[in-house]
file my_file39.pdb (PDB, C-alpha atoms, pLDDT in the B column)
MODEL        1
ATOM      1  CA  MET A   9       0.000   0.000   0.000  1.00 53.00           C
ATOM      2  CA  THR A  10       1.415   3.378  -0.969  1.00 60.00           C
ATOM      3  CA  GLN A  11       1.441   6.336   1.350  1.00 62.00           C
ATOM      4  CA  PRO A  12      -0.623   9.284   0.074  1.00 62.00           C
ATOM      5  CA  THR A  13       1.463  12.348  -0.653  1.00 72.00           C
ATOM      6  CA  ARG A  14       1.149  15.295   1.680  1.00 84.00           C
ATOM      7  CA  LEU A  15      -0.635  18.428   0.619  1.00 83.00           C
ATOM      8  CA  THR A  16       1.424  21.523   0.027  1.00 86.00           C
ATOM      9  CA  PRO A  17       0.831  24.529   2.300  1.00 86.00           C
ATOM     10  CA  ALA A  18      -0.627  26.437  -0.669  1.00 89.00           C
ATOM     11  CA  THR A  19      -3.157  23.670  -1.310  1.00 89.00           C
ATOM     12  CA  LYS A  20      -4.092  23.534   2.369  1.00 91.00           C
ATOM     13  CA  LEU A  21      -4.588  27.296   2.399  1.00 94.00           C
ATOM     14  CA  ALA A  22      -6.743  27.219  -0.737  1.00 94.00           C
ATOM     15  CA  VAL A  23      -8.896  24.414   0.696  1.00 94.00           C
ATOM     16  CA  ALA A  24      -9.291  26.253   3.997  1.00 95.00           C
ATOM     17  CA  ILE A  25     -10.325  29.451   2.238  1.00 97.00           C
ATOM     18  CA  LEU A  26     -12.831  27.613   0.052  1.00 96.00           C
ATOM     19  CA  LEU A  27     -14.433  26.008   3.102  1.00 96.00           C
ATOM     20  CA  ILE A  28     -14.349  29.067   5.371  1.00 97.00           C
ATOM     21  CA  ILE A  29     -15.847  31.584   2.913  1.00 96.00           C
ATOM     22  CA  PRO A  30     -19.435  30.212   3.027  1.00 95.00           C
ATOM     23  CA  CYS A  31     -19.331  29.932   6.824  1.00 94.00           C
ATOM     24  CA  GLY A  32     -17.977  33.437   7.232  1.00 95.00           C
ATOM     25  CA  VAL A  33     -20.353  35.057   4.769  1.00 93.00           C
ATOM     26  CA  LEU A  34     -23.454  33.439   6.220  1.00 92.00           C
ATOM     27  CA  ALA A  35     -22.348  34.100   9.805  1.00 94.00           C
ATOM     28  CA  ALA A  36     -21.978  37.819   9.044  1.00 92.00           C
ATOM     29  CA  VAL A  37     -25.723  38.485   9.141  1.00 90.00           C
ATOM     30  CA  PRO A  38     -25.451  42.310   9.253  1.00 90.00           C
ATOM     31  CA  ILE A  39     -23.968  42.190   5.738  1.00 89.00           C
ATOM     32  CA  TYR A  40     -27.162  40.812   4.197  1.00 87.00           C
ATOM     33  CA  SER A  41     -29.800  41.817   6.735  1.00 86.00           C
ATOM     34  CA  SER A  42     -31.886  44.075   4.496  1.00 85.00           C
ATOM     35  CA  GLU A  43     -34.971  43.973   2.334  1.00 88.00           C
ATOM     36  CA  THR A  44     -33.516  45.574  -0.754  1.00 86.00           C
ATOM     37  CA  PRO A  45     -32.621  44.773  -3.452  1.00 91.00           C
ATOM     38  CA  LYS A  46     -35.565  42.494  -4.077  1.00 88.00           C
ATOM     39  CA  LEU A  47     -35.403  39.684  -6.602  1.00 87.00           C
ATOM     40  CA  TRP A  48     -38.770  38.538  -7.970  1.00 91.00           C
ATOM     41  CA  GLY A  49     -40.407  39.938  -4.837  1.00 90.00           C
ATOM     42  CA  TRP A  50     -38.024  38.156  -2.447  1.00 90.00           C
ATOM     43  CA  PRO A  51     -36.230  40.377   0.052  1.00 93.00           C
ATOM     44  CA  PHE A  52     -32.430  40.339  -0.187  1.00 90.00           C
ATOM     45  CA  PHE A  53     -32.165  38.561   3.181  1.00 92.00           C
ATOM     46  CA  TYR A  54     -33.856  35.442   1.763  1.00 91.00           C
ATOM     47  CA  TRP A  55     -32.554  35.215  -1.787  1.00 92.00           C
ATOM     48  CA  PHE A  56     -28.973  35.836  -0.665  1.00 92.00           C
ATOM     49  CA  GLN A  57     -29.138  32.786   1.626  1.00 93.00           C
ATOM     50  CA  VAL A  58     -30.764  30.655  -1.071  1.00 93.00           C
ATOM     51  CA  LEU A  59     -28.011  31.705  -3.478  1.00 94.00           C
ATOM     52  CA  TRP A  60     -25.438  30.329  -1.029  1.00 95.00           C
ATOM     53  CA  VAL A  61     -27.269  26.981  -1.007  1.00 96.00           C
ATOM     54  CA  PHE A  62     -26.007  26.631  -4.590  1.00 97.00           C
ATOM     55  CA  ILE A  63     -22.601  28.298  -4.152  1.00 97.00           C
ATOM     56  CA  THR A  64     -21.521  26.279  -1.095  1.00 97.00           C
ATOM     57  CA  PRO A  65     -21.548  22.823  -2.753  1.00 97.00           C
ATOM     58  CA  VAL A  66     -19.535  24.204  -5.673  1.00 97.00           C
ATOM     59  CA  MET A  67     -16.904  25.539  -3.292  1.00 97.00           C
ATOM     60  CA  THR A  68     -16.895  22.287  -1.301  1.00 97.00           C
ATOM     61  CA  TYR A  69     -16.416  20.273  -4.494  1.00 97.00           C
ATOM     62  CA  ALA A  70     -13.577  22.567  -5.563  1.00 96.00           C
ATOM     63  CA  ALA A  71     -11.887  21.935  -2.196  1.00 96.00           C
ATOM     64  CA  TYR A  72     -12.360  18.190  -2.682  1.00 95.00           C
ATOM     65  CA  VAL A  73     -10.789  18.334  -6.146  1.00 93.00           C
ATOM     66  CA  LEU A  74      -7.824  20.306  -4.811  1.00 93.00           C
ATOM     67  CA  ILE A  75      -7.263  17.692  -2.100  1.00 91.00           C
ATOM     68  CA  GLN A  76      -7.474  14.808  -4.576  1.00 91.00           C
ATOM     69  CA  ARG A  77      -5.067  16.460  -6.988  1.00 89.00           C
ATOM     70  CA  GLY A  78      -2.702  17.375  -4.170  1.00 85.00           C
ATOM     71  CA  ARG A  79      -2.581  13.764  -3.076  1.00 83.00           C
ATOM     72  CA  GLY A  80      -1.982  12.608  -6.632  1.00 81.00           C
ATOM     73  CA  GLU A  81      -5.212  10.607  -6.713  1.00 64.00           C
ATOM     74  CA  ARG A  82      -6.570  12.318  -9.785  1.00 52.00           C
TER
ENDMDL
END

call {"tool": "encode", "arguments": {"input": "my_file39.pdb", "output": "structure tokens"}}
result
Amino acid sequence: MTQPTRLTPATKLAVAILLIIPCGVLAAVPIYSSETPKLWGWPFFYWFQVLWVFITPVMTYAAYVLIQRGRGER
């Protein structure tokens, strides 16, 4: 059995940033706590959170790909 290669510090940093951004953005409620701009009648507070439901998996998958490539598994 071969030992997986270690991730470089740059890869670890990129993965950490990709995983922390959604948590940080959604935890900073004052940033998006407003009614305007509205999108199809939805206040900004709601559609901004729904938007992150789609953005977060993309960022998580990108972190996964970086880890796999860093380990030489892809």

call {"tool": "resolve_selection", "arguments": {"input": "my_file39.pdb", "expression": "the PyMOL selection byres ((chain A and resi 53) around 8)", "output": "PyMOL selection string"}}
result
chain A and resi 40-43+51-52+54-57

call {"tool": "resolve_selection", "arguments": {"input": "my_file39.pdb", "expression": "the PyMOL selection byres ((chain A and resi 11-23) around 7)", "output": "PDB file with C-alpha atoms, keeping the file's coordinate frame"}}
result
ATOM      1  CA  MET A   9       0.000   0.000   0.000  1.00 53.00           C
ATOM      2  CA  THR A  10       1.415   3.378  -0.969  1.00 60.00           C
ATOM      3  CA  ALA A  24      -9.291  26.253   3.997  1.00 95.00           C
ATOM      4  CA  ILE A  25     -10.325  29.451   2.238  1.00 97.00           C
ATOM      5  CA  LEU A  26     -12.831  27.613   0.052  1.00 96.00           C
ATOM      6  CA  LEU A  27     -14.433  26.008   3.102  1.00 96.00           C
ATOM      7  CA  ALA A  71     -11.887  21.935  -2.196  1.00 96.00           C
ATOM      8  CA  LEU A  74      -7.824  20.306  -4.811  1.00 93.00           C
ATOM      9  CA  GLY A  78      -2.702  17.375  -4.170  1.00 85.00           C
ATOM     10  CA  ARG A  79      -2.581  13.764  -3.076  1.00 83.00           C
ATOM     11  CA  GLY A  80      -1.982  12.608  -6.632  1.00 81.00           C
TER      12      GLY A  80
END

call {"tool": "atom_distance", "arguments": {"input": "my_file39.pdb", "atom1": "CA of Val66 in chain A", "atom2": "CA of Ile28 in chain A"}}
result
13.1 Å

call {"tool": "closest_residue", "arguments": {"input": "my_file39.pdb", "among": "A:Ile29, A:Ile75, A:Leu47, A:Ala36", "to": "Ile63 in chain A", "atoms": "all atoms listed in the file"}}
result
A:Ile29

call {"tool": "axis_aligned_box", "arguments": {"input": "my_file39.pdb", "around": "range 50-57 of chain A", "padding_each_side": "3 Å", "output": "lines of an AutoDock Vina configuration file"}}
result
center_x = -33.5
center_y = 36.6
center_z = 0.4
size_x = 15.1
size_y = 13.6
size_z = 11.6

call {"tool": "atom_distance", "arguments": {"input": "my_file39.pdb", "atom1": "CA of Trp60 in chain A", "atom2": "CA of Pro30 in chain A"}}
result
7.2 Å

call {"tool": "atom_distance", "arguments": {"input": "my_file39.pdb", "atom1": "CA of Thr64 in chain A", "atom2": "CA of Gln76 in chain A"}}
result
18.5 Å

call {"tool": "decode", "arguments": {"input": "my_file39.pdb", "residues": "chain A", "atoms": "C-alpha atoms", "output": "PDB file, in the first residue's frame"}}
result
ATOM      1  CA  MET A   9       0.000   0.000   0.000  1.00  0.00           C
ATOM      2  CA  THR A  10       1.415   3.378  -0.969  1.00  0.00           C
ATOM      3  CA  GLN A  11       1.441   6.336   1.350  1.00  0.00           C
ATOM      4  CA  PRO A  12      -0.623   9.284   0.074  1.00  0.00           C
ATOM      5  CA  THR A  13       1.463  12.348  -0.653  1.00  0.00           C
ATOM      6  CA  ARG A  14       1.149  15.295   1.680  1.00  0.00           C
ATOM      7  CA  LEU A  15      -0.635  18.428   0.619  1.00  0.00           C
ATOM      8  CA  THR A  16       1.424  21.523   0.027  1.00  0.00           C
ATOM      9  CA  PRO A  17       0.831  24.529   2.300  1.00  0.00           C
ATOM     10  CA  ALA A  18      -0.627  26.437  -0.669  1.00  0.00           C
ATOM     11  CA  THR A  19      -3.157  23.670  -1.310  1.00  0.00           C
ATOM     12  CA  LYS A  20      -4.092  23.534   2.369  1.00  0.00           C
ATOM     13  CA  LEU A  21      -4.588  27.296   2.399  1.00  0.00           C
ATOM     14  CA  ALA A  22      -6.743  27.219  -0.737  1.00  0.00           C
ATOM     15  CA  VAL A  23      -8.896  24.414   0.696  1.00  0.00           C
ATOM     16  CA  ALA A  24      -9.291  26.253   3.997  1.00  0.00           C
ATOM     17  CA  ILE A  25     -10.325  29.451   2.238  1.00  0.00           C
ATOM     18  CA  LEU A  26     -12.831  27.613   0.052  1.00  0.00           C
ATOM     19  CA  LEU A  27     -14.433  26.008   3.102  1.00  0.00           C
ATOM     20  CA  ILE A  28     -14.349  29.067   5.371  1.00  0.00           C
ATOM     21  CA  ILE A  29     -15.847  31.584   2.913  1.00  0.00           C
ATOM     22  CA  PRO A  30     -19.435  30.212   3.027  1.00  0.00           C
ATOM     23  CA  CYS A  31     -19.331  29.932   6.824  1.00  0.00           C
ATOM     24  CA  GLY A  32     -17.977  33.437   7.232  1.00  0.00           C
ATOM     25  CA  VAL A  33     -20.353  35.057   4.769  1.00  0.00           C
ATOM     26  CA  LEU A  34     -23.454  33.439   6.220  1.00  0.00           C
ATOM     27  CA  ALA A  35     -22.348  34.100   9.805  1.00  0.00           C
ATOM     28  CA  ALA A  36     -21.978  37.819   9.044  1.00  0.00           C
ATOM     29  CA  VAL A  37     -25.723  38.485   9.141  1.00  0.00           C
ATOM     30  CA  PRO A  38     -25.451  42.310   9.253  1.00  0.00           C
ATOM     31  CA  ILE A  39     -23.968  42.190   5.738  1.00  0.00           C
ATOM     32  CA  TYR A  40     -27.162  40.812   4.197  1.00  0.00           C
ATOM     33  CA  SER A  41     -29.800  41.817   6.735  1.00  0.00           C
ATOM     34  CA  SER A  42     -31.886  44.075   4.496  1.00  0.00           C
ATOM     35  CA  GLU A  43     -34.971  43.973   2.334  1.00  0.00           C
ATOM     36  CA  THR A  44     -33.516  45.574  -0.754  1.00  0.00           C
ATOM     37  CA  PRO A  45     -32.621  44.773  -3.452  1.00  0.00           C
ATOM     38  CA  LYS A  46     -35.565  42.494  -4.077  1.00  0.00           C
ATOM     39  CA  LEU A  47     -35.403  39.684  -6.602  1.00  0.00           C
ATOM     40  CA  TRP A  48     -38.770  38.538  -7.970  1.00  0.00           C
ATOM     41  CA  GLY A  49     -40.407  39.938  -4.837  1.00  0.00           C
ATOM     42  CA  TRP A  50     -38.024  38.156  -2.447  1.00  0.00           C
ATOM     43  CA  PRO A  51     -36.230  40.377   0.052  1.00  0.00           C
ATOM     44  CA  PHE A  52     -32.430  40.339  -0.187  1.00  0.00           C
ATOM     45  CA  PHE A  53     -32.165  38.561   3.181  1.00  0.00           C
ATOM     46  CA  TYR A  54     -33.856  35.442   1.763  1.00  0.00           C
ATOM     47  CA  TRP A  55     -32.554  35.215  -1.787  1.00  0.00           C
ATOM     48  CA  PHE A  56     -28.973  35.836  -0.665  1.00  0.00           C
ATOM     49  CA  GLN A  57     -29.138  32.786   1.626  1.00  0.00           C
ATOM     50  CA  VAL A  58     -30.764  30.655  -1.071  1.00  0.00           C
ATOM     51  CA  LEU A  59     -28.011  31.705  -3.478  1.00  0.00           C
ATOM     52  CA  TRP A  60     -25.438  30.329  -1.029  1.00  0.00           C
ATOM     53  CA  VAL A  61     -27.269  26.981  -1.007  1.00  0.00           C
ATOM     54  CA  PHE A  62     -26.007  26.631  -4.590  1.00  0.00           C
ATOM     55  CA  ILE A  63     -22.601  28.298  -4.152  1.00  0.00           C
ATOM     56  CA  THR A  64     -21.521  26.279  -1.095  1.00  0.00           C
ATOM     57  CA  PRO A  65     -21.548  22.823  -2.753  1.00  0.00           C
ATOM     58  CA  VAL A  66     -19.535  24.204  -5.673  1.00  0.00           C
ATOM     59  CA  MET A  67     -16.904  25.539  -3.292  1.00  0.00           C
ATOM     60  CA  THR A  68     -16.895  22.287  -1.301  1.00  0.00           C
ATOM     61  CA  TYR A  69     -16.416  20.273  -4.494  1.00  0.00           C
ATOM     62  CA  ALA A  70     -13.577  22.567  -5.563  1.00  0.00           C
ATOM     63  CA  ALA A  71     -11.887  21.935  -2.196  1.00  0.00           C
ATOM     64  CA  TYR A  72     -12.360  18.190  -2.682  1.00  0.00           C
ATOM     65  CA  VAL A  73     -10.789  18.334  -6.146  1.00  0.00           C
ATOM     66  CA  LEU A  74      -7.824  20.306  -4.811  1.00  0.00           C
ATOM     67  CA  ILE A  75      -7.263  17.692  -2.100  1.00  0.00           C
ATOM     68  CA  GLN A  76      -7.474  14.808  -4.576  1.00  0.00           C
ATOM     69  CA  ARG A  77      -5.067  16.460  -6.988  1.00  0.00           C
ATOM     70  CA  GLY A  78      -2.702  17.375  -4.170  1.00  0.00           C
ATOM     71  CA  ARG A  79      -2.581  13.764  -3.076  1.00  0.00           C
ATOM     72  CA  GLY A  80      -1.982  12.608  -6.632  1.00  0.00           C
ATOM     73  CA  GLU A  81      -5.212  10.607  -6.713  1.00  0.00           C
ATOM     74  CA  ARG A  82      -6.570  12.318  -9.785  1.00  0.00           C
TER      75      ARG A  82
END
